[in-house]
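*Asks:* Would you mind keeping the following structure in view while I ask a few things?
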Amino acid sequence: MKLSTASKMWPSMKYLERRVIHAILLLIGASVLSFLFSSLAPGSFFDEMKLNPQISSDTIAALRSQYGLDQPLPVRYVRWVKSVLRGEWGYSFAYNQPVRSLLMVRARNTLLLTTLAMALAWLIAVPVGVWVSSRRGRWDDQLASASTSLLLSVPELVLALGLLYLVIRTHTLPVGGMVSARFDRLGSWGQVSDLAAHLIVPVTALVLASLPILVRHVRASMIEVLQAPFIQAARGHGIARARLLFRYALPAAANPLISLFGLSVAGLLSGSLLVEVITGWPGLGPLLLEACFSRDIYVVIGVVMASTLFMIFGSLLADIMLVVADPRVRTDHASDRA
Amino acid sequence: MKSKKKLIAAAIVLLALHLAILLAGFVAPYQPAMQNRDFPYISPTRLHFVDARGHWHVRPFVYQSVARPDSLYEYTEARDQEYPVHFFVSGSEYEIAGGLPSHTHLFGVDAPAQIFLAGTDNYGRDQFSRILYGGQISLAAGLLATAISLLLGVCIGCISGFYAGWIDESAMRLAELFLVLPWLYVLLAVRAFLPLHISPSQTFLLLVAVIGTIGWARPARLVRGIVLSARSRKYVTASRGFGASDAYILRRHVLPHTYGTLLTQAALLVPQYVIAEVTLSFFGLGLSEPMPSWGNLLANLQQYNVLVSYWWMFAPALALVLVSLGYLTVANAFHQQLQSGSI
């Protein structure tokens with residue numbers, strides 16, 4: 001028994017192996033591409049110094065060569081790869097430290113925000129989508145579809161600004177940053193609640209921004225399944241509505257949702273840039289923007305690469321979950337190989 | 001049937017918006033750069049129908065605003081005289097669509113009074129006029145960038161799908177790469193690495209080029225798929241047998257299959273790219289003052305006191321939401337038609 005499942009799993013392992021190699025190649029491609037883009041840049045971090053009469057052009061040239069900016073592109077790329085392998089991810093001119101330590105703190109903040117928002121969005125979207133799909137064409141379905149289209153056309157930028165306006169006008173929540181200035185003097189419970197209060201605005205903005213897409217997809221894939229004959233049969237057997245929807249229909253509708261979940265995971269590091277910048281959350285978004293303005297290229301490349309890593313990881317995760325969840329996908333790939 | 005009604009409604013709204021923005025000089029009562037230093041941050045002018053004596057007027061009228069003494073940015077209405085709103089009034093000169101000079105405006109009020117439908121900004125410039133003029137920039141950016149993306153997508157998708165082989169393989173790998181890069185991050189990074197201080201028209205073209213070029217991958221993949229399936233149709237083989245050239249087959253037999261998808265993509269991409277321009281300008285990486293665009297109009301909200309005190313500075317967001325709502329509804333309707341196979 002065990003042997004047979006193992007041999008059944010084998011082709012899909014091969015498939016996943018191929019996917020992982022593919023992901024690694026993509027990552028290498030992305031790093032080359034972001035290096036190319038950054039080399040299009042006419043200026044560098046040290047350009048601002050040229051305006052300062054106290055700094056001679058020799059000093060700037062020396063600085064440039066110290067950081068290797070005078071080297072040709074391939075040499076810089078190889079140097080950067082070596083530095084990634086050393087775990088430094090290049091060097092930030094503005095912060096005067098290796099990029100990795102900078103990224104780690106910011107990425108942690110971003111992930112705290114986005115994983116919370118993602119979990120919340122899915123927890124709301126699945127029941128709402130399932131419910132709405134079972135009420136197709138009724139008033140609540142129409143209400144939901146009207147509000148999702150409206151929400152979908154409000155850009156994240158406007159959403160975040162509007163929330164900020166509401167919160168400031170009503171004086172209900174702290175605004176800006178992750179914690180209050182008196183954070184260190186709070187007790188551990190106080191610290192948690194302070195953090196939570198700061199989280200509410202950006203999390204709400206992110207949830208509202210991602211909710212309409214999720215609800216729509218859940219509804220669409222559920223509606224497709226609800227028309228299937230086996231649902232008719234189950235309904236004919238008199239199975240209760242909630243059980244029918246969640247135990248029978250939802251698993252059958254899961255495949256597109258698993259892919260969508262992969263996309264959600266993929267956007268964990270990059271999906272919150274606007275919200276972070278507007279609400280002043282110290283995540284990767286503000287870091288990227290600052291680095292863009294000051295031409296701190298290794299920070300920019302580092303942030304882009306970190307979020308690309310997540311993008312690739314997310315789609316890989318979706319593939320793996322599909323293989324695990326759906327036997328048909330396994331056999332498909334098996335016949336694919338033959 | 002129902003989606004058709006929605007499509008028509010959305011199309012009418014979109015058409016009206018585009019016309020108003022195209023004819024901004026006519027619809028806007030003032031020049032976008034005209035300053036009223038005496039009236040910074042004045043709230044939207046109220047239209048009245050009932051005067052101080054309790055009489056009803058058919059024609060709406062406004063009162064002249066006066067600054068409240070000893071206060072900053074606070075105004076009251078001088079209720080002693082009504083200034084009715086007139087249509088087709090003569091005012092400052094402008095050019096329609098870059099050519100015809102004219103000085104007729106859709107509406108306006110007589111001299112000492114002023115009409116600011118969406119309030120004014122810190123220089124006392126009329127927001128309503130600025131939103132219309134800014135729309136020209138923002139919409140043009142969205143439309144042009146969409147055209148670039150689709151053009152690139154069609155070219156690469158056609159070559160890729162039609163000729164297959166290593167060209168196809170490498171183009172699609174590259175497309176995958178572009179799809180996996182976080183879009184907004186790349187947009188910001190690429191834009192930031194390009195020169196920051198150049199002339200406004202250059203900035204505009206640069207912005208459009210960057211936004212449009214980064215988005216080539218999705219349309220290219222879609223077009224490739226359609227071309228690939230159209231290529232193996234029997235009538236294509238037949239027409240090749242009659243000696244038709246590749247270019248002829250592509251134009252006559254293959255490309256028409258892509259029109260529905262391209263329309264849907266266009267309706268999806270335009271609002272996305274308008275928002276991209278708005279985002280970049282909001283962060284100061286796009287078009288900057290004095291040229292109005294929805295992005296730099298919204299950028300005023302980055303100042304805390306503006307965000308808190310002057311709600312009418314959100315007005316450009318309303319225009320933005322209306323445009324996206326219109327386009328997304330159209331895209332949805334196209335998509336449904338496409339699924340049911342009638343385009």
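Simple scheme: letters A, B, ... for chains in structure tokens order, numbers from 1 for residues in each chain, numbers from 1 for ligands in the order shown.
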I want to know what sits within 8 Å of Gly302 (chain A), based on only C-alpha atoms, with residues of the same chain fewer than 4 positions away left out; could you give that as a list of chain:residue names?
*Replies:*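 In the requested form, the answer reads A:Trp89, A:Gly90, A:Val99, A:Arg100, A:Leu103, A:Tyr298, A:Ala306.
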*Asks:* Counting only C-alpha atoms, which residues of chain B come no farther than 7 Å from chain A, as JSON, numbers by chain?
*Replies:* {"B": [177, 180, 181, 182, 185, 189, 190, 192, 193, 194, 195, 307, 308, 317, 321, 324, 325]}
*Asks:* So how many Å separate CA of His18 (chain B) and CA of Ile96 (chain B), to one decimal?
*Replies:*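 Value for the CA of His18 (chain B)-CA of Ile96 (chain B) distance: 13.7 Å.
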*Asks:* Applying 10 Å and only C-alpha atoms, which residues near His86 (chain B) remain after dropping the ones on its own chain fewer than 5 positions away? List them as a ChimeraX atom specification.
*Replies:* /B:59-61,105-110
*Asks:* Find the residues near region 206-222 of chain B: any atom within 8 Å, counting only C-alpha atoms, skip ones fewer than 6 places away on the same chain, and give them as a PDB file with N, CA and C atoms, in the first residue's frame.
*Replies:*
ATOM      1  N   ALA B 141      -1.901  59.843 -20.093  1.00  0.00           N
ATOM      2  CA  ALA B 141      -0.844  58.924 -19.670  1.00  0.00           C
ATOM      3  C   ALA B 141      -1.372  57.493 -19.664  1.00  0.00           C
ATOM      4  N   GLY B 142      -2.563  57.293 -19.078  1.00  0.00           N
ATOM      5  CA  GLY B 142      -3.138  55.953 -19.005  1.00  0.00           C
ATOM      6  C   GLY B 142      -3.397  55.377 -20.382  1.00  0.00           C
ATOM      7  N   LEU B 144      -2.141  56.299 -23.388  1.00  0.00           N
ATOM      8  CA  LEU B 144      -0.927  56.088 -24.184  1.00  0.00           C
ATOM      9  C   LEU B 144      -0.142  54.877 -23.682  1.00  0.00           C
ATOM     10  N   ALA B 145      -0.020  54.772 -22.355  1.00  0.00           N
ATOM     11  CA  ALA B 145       0.732  53.643 -21.798  1.00  0.00           C
ATOM     12  C   ALA B 145       0.036  52.334 -22.158  1.00  0.00           C
ATOM     13  N   THR B 146      -1.310  52.333 -22.136  1.00  0.00           N
ATOM     14  CA  THR B 146      -2.048  51.138 -22.528  1.00  0.00           C
ATOM     15  C   THR B 146      -1.756  50.791 -23.981  1.00  0.00           C
ATOM     16  N   ALA B 147      -1.739  51.822 -24.835  1.00  0.00           N
ATOM     17  CA  ALA B 147      -1.454  51.580 -26.249  1.00  0.00           C
ATOM     18  C   ALA B 147      -0.074  50.950 -26.409  1.00  0.00           C
ATOM     19  N   ILE B 148       0.895  51.460 -25.656  1.00  0.00           N
ATOM     20  CA  ILE B 148       2.255  50.905 -25.754  1.00  0.00           C
ATOM     21  C   ILE B 148       2.271  49.448 -25.316  1.00  0.00           C
ATOM     22  N   SER B 149       1.641  49.175 -24.161  1.00  0.00           N
ATOM     23  CA  SER B 149       1.622  47.808 -23.652  1.00  0.00           C
ATOM     24  C   SER B 149       0.981  46.855 -24.653  1.00  0.00           C
ATOM     25  N   LEU B 150      -0.165  47.263 -25.197  1.00  0.00           N
ATOM     26  CA  LEU B 150      -0.886  46.375 -26.102  1.00  0.00           C
ATOM     27  C   LEU B 150      -0.113  46.189 -27.404  1.00  0.00           C
ATOM     28  N   LEU B 152       3.151  46.390 -27.860  1.00  0.00           N
ATOM     29  CA  LEU B 152       4.260  45.477 -27.570  1.00  0.00           C
ATOM     30  C   LEU B 152       3.733  44.057 -27.419  1.00  0.00           C
ATOM     31  N   GLY B 153       2.608  43.942 -26.685  1.00  0.00           N
ATOM     32  CA  GLY B 153       2.030  42.628 -26.439  1.00  0.00           C
ATOM     33  C   GLY B 153       1.632  41.948 -27.726  1.00  0.00           C
ATOM     34  N   VAL B 154       0.993  42.699 -28.639  1.00  0.00           N
ATOM     35  CA  VAL B 154       0.550  42.110 -29.904  1.00  0.00           C
ATOM     36  C   VAL B 154       1.753  41.690 -30.734  1.00  0.00           C
ATOM     37  N   CYS B 155       2.744  42.573 -30.838  1.00  0.00           N
ATOM     38  CA  CYS B 155       3.914  42.241 -31.652  1.00  0.00           C
ATOM     39  C   CYS B 155       4.610  40.989 -31.118  1.00  0.00           C
ATOM     40  N   ILE B 156       4.950  41.026 -29.838  1.00  0.00           N
ATOM     41  CA  ILE B 156       5.705  39.909 -29.270  1.00  0.00           C
ATOM     42  C   ILE B 156       4.850  38.654 -29.247  1.00  0.00           C
ATOM     43  N   GLY B 157       3.561  38.812 -28.877  1.00  0.00           N
ATOM     44  CA  GLY B 157       2.672  37.653 -28.822  1.00  0.00           C
ATOM     45  C   GLY B 157       2.503  37.013 -30.178  1.00  0.00           C
ATOM     46  N   CYS B 158       2.353  37.815 -31.229  1.00  0.00           N
ATOM     47  CA  CYS B 158       2.169  37.288 -32.577  1.00  0.00           C
ATOM     48  C   CYS B 158       3.411  36.537 -33.038  1.00  0.00           C
ATOM     49  N   MET B 172       8.716  33.917 -23.970  1.00  0.00           N
ATOM     50  CA  MET B 172       7.807  33.558 -22.880  1.00  0.00           C
ATOM     51  C   MET B 172       8.530  33.449 -21.548  1.00  0.00           C
ATOM     52  N   ALA B 175       8.756  36.909 -20.442  1.00  0.00           N
ATOM     53  CA  ALA B 175       7.455  37.376 -19.963  1.00  0.00           C
ATOM     54  C   ALA B 175       7.223  36.898 -18.533  1.00  0.00           C
ATOM     55  N   GLU B 176       7.582  35.633 -18.286  1.00  0.00           N
ATOM     56  CA  GLU B 176       7.428  35.082 -16.941  1.00  0.00           C
ATOM     57  C   GLU B 176       8.203  35.907 -15.923  1.00  0.00           C
ATOM     58  N   PHE B 178       9.023  39.060 -16.174  1.00  0.00           N
ATOM     59  CA  PHE B 178       8.378  40.354 -15.940  1.00  0.00           C
ATOM     60  C   PHE B 178       7.142  40.199 -15.069  1.00  0.00           C
ATOM     61  N   LEU B 179       6.465  39.047 -15.212  1.00  0.00           N
ATOM     62  CA  LEU B 179       5.254  38.854 -14.416  1.00  0.00           C
ATOM     63  C   LEU B 179       5.586  38.600 -12.955  1.00  0.00           C
ATOM     64  N   TRP B 183       5.272  44.539  -9.625  1.00  0.00           N
ATOM     65  CA  TRP B 183       5.057  45.575 -10.631  1.00  0.00           C
ATOM     66  C   TRP B 183       5.355  46.980 -10.127  1.00  0.00           C
ATOM     67  N   LEU B 187       8.314  49.582 -11.111  1.00  0.00           N
ATOM     68  CA  LEU B 187       7.941  50.884 -11.658  1.00  0.00           C
ATOM     69  C   LEU B 187       8.650  51.998 -10.891  1.00  0.00           C
ATOM     70  N   VAL B 190      12.567  51.746 -11.472  1.00  0.00           N
ATOM     71  CA  VAL B 190      12.999  52.182 -12.798  1.00  0.00           C
ATOM     72  C   VAL B 190      12.841  53.688 -12.927  1.00  0.00           C
ATOM     73  N   ARG B 191      11.689  54.180 -12.483  1.00  0.00           N
ATOM     74  CA  ARG B 191      11.450  55.619 -12.584  1.00  0.00           C
ATOM     75  C   ARG B 191      12.471  56.409 -11.764  1.00  0.00           C
ATOM     76  N   THR B 261     -10.140  40.005 -26.771  1.00  0.00           N
ATOM     77  CA  THR B 261      -9.231  39.975 -25.629  1.00  0.00           C
ATOM     78  C   THR B 261      -8.510  41.304 -25.469  1.00  0.00           C
ATOM     79  N   LEU B 262      -8.109  41.889 -26.593  1.00  0.00           N
ATOM     80  CA  LEU B 262      -7.381  43.158 -26.522  1.00  0.00           C
ATOM     81  C   LEU B 262      -8.262  44.259 -25.947  1.00  0.00           C
ATOM     82  N   GLN B 265      -8.525  43.706 -22.266  1.00  0.00           N
ATOM     83  CA  GLN B 265      -7.258  44.087 -21.633  1.00  0.00           C
ATOM     84  C   GLN B 265      -7.121  45.605 -21.564  1.00  0.00           C
ATOM     85  N   TYR B 273      -3.187  51.965 -15.275  1.00  0.00           N
ATOM     86  CA  TYR B 273      -2.085  52.853 -15.642  1.00  0.00           C
ATOM     87  C   TYR B 273      -2.348  54.290 -15.203  1.00  0.00           C
ATOM     88  N   ALA B 276      -1.307  54.227 -11.866  1.00  0.00           N
ATOM     89  CA  ALA B 276       0.160  54.197 -11.798  1.00  0.00           C
ATOM     90  C   ALA B 276       0.725  55.606 -11.904  1.00  0.00           C
ATOM     91  N   GLU B 277       0.197  56.370 -12.854  1.00  0.00           N
ATOM     92  CA  GLU B 277       0.666  57.759 -12.991  1.00  0.00           C
ATOM     93  C   GLU B 277       0.362  58.537 -11.725  1.00  0.00           C
ATOM     94  N   GLY B 286       6.631  61.666 -10.523  1.00  0.00           N
ATOM     95  CA  GLY B 286       6.000  61.857 -11.820  1.00  0.00           C
ATOM     96  C   GLY B 286       5.991  63.317 -12.194  1.00  0.00           C
TER      97      GLY B 286
END
*Asks:* Determine which residues of region 117-255 of chain B DSSP labels as helix (DSSP H, G or I) from the backbone of this structure, then write them out as a VMD selection string.
*Replies:* chain B and resid 127 to 163 165 to 180 183 to 193 200 to 214 217 to 231 234 to 241 246 to 255
*Asks:* Expressed in Å to a single decimal, how great is the separation between CA of Ser57 (chain A) and CA of Pro72 (chain A)?
*Replies:*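 It comes out at 20.1 Å.
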*Asks:* What is the CA of Leu226 (chain A) to CA of Arg135 (chain A) distance in Å?
*Replies:*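 Going from CA of Leu226 (chain A) over to CA of Arg135 (chain A), I get 11.1 Å.
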*Asks:* Can you pull out every residue within 9 Å of region 47-58 of chain B, counting only C-alpha atoms, but drop anything in the same chain fewer than 2 positions away, and send it as a PyMOL selection string?
*Replies:* chain B and resi 45+60-63+79-80+82+85+115+117
*Asks:* I'd like the neighbourhood of region 119-125 of chain A as JSON, numbers by chain, where a residue qualifies if any of its atoms comes within 7 Å (using only C-alpha atoms), though same-chain residues fewer than 4 positions away should be ignored.
*Replies:* {"A": [115, 129, 207, 210, 211, 214, 215]}
*Asks:* Taking only C-alpha atoms into account, which of B:Gly260, B:Pro292, B:Gly25, B:Gly91 comes nearest Leu338 (chain B)?
*Replies:* B:Gly260
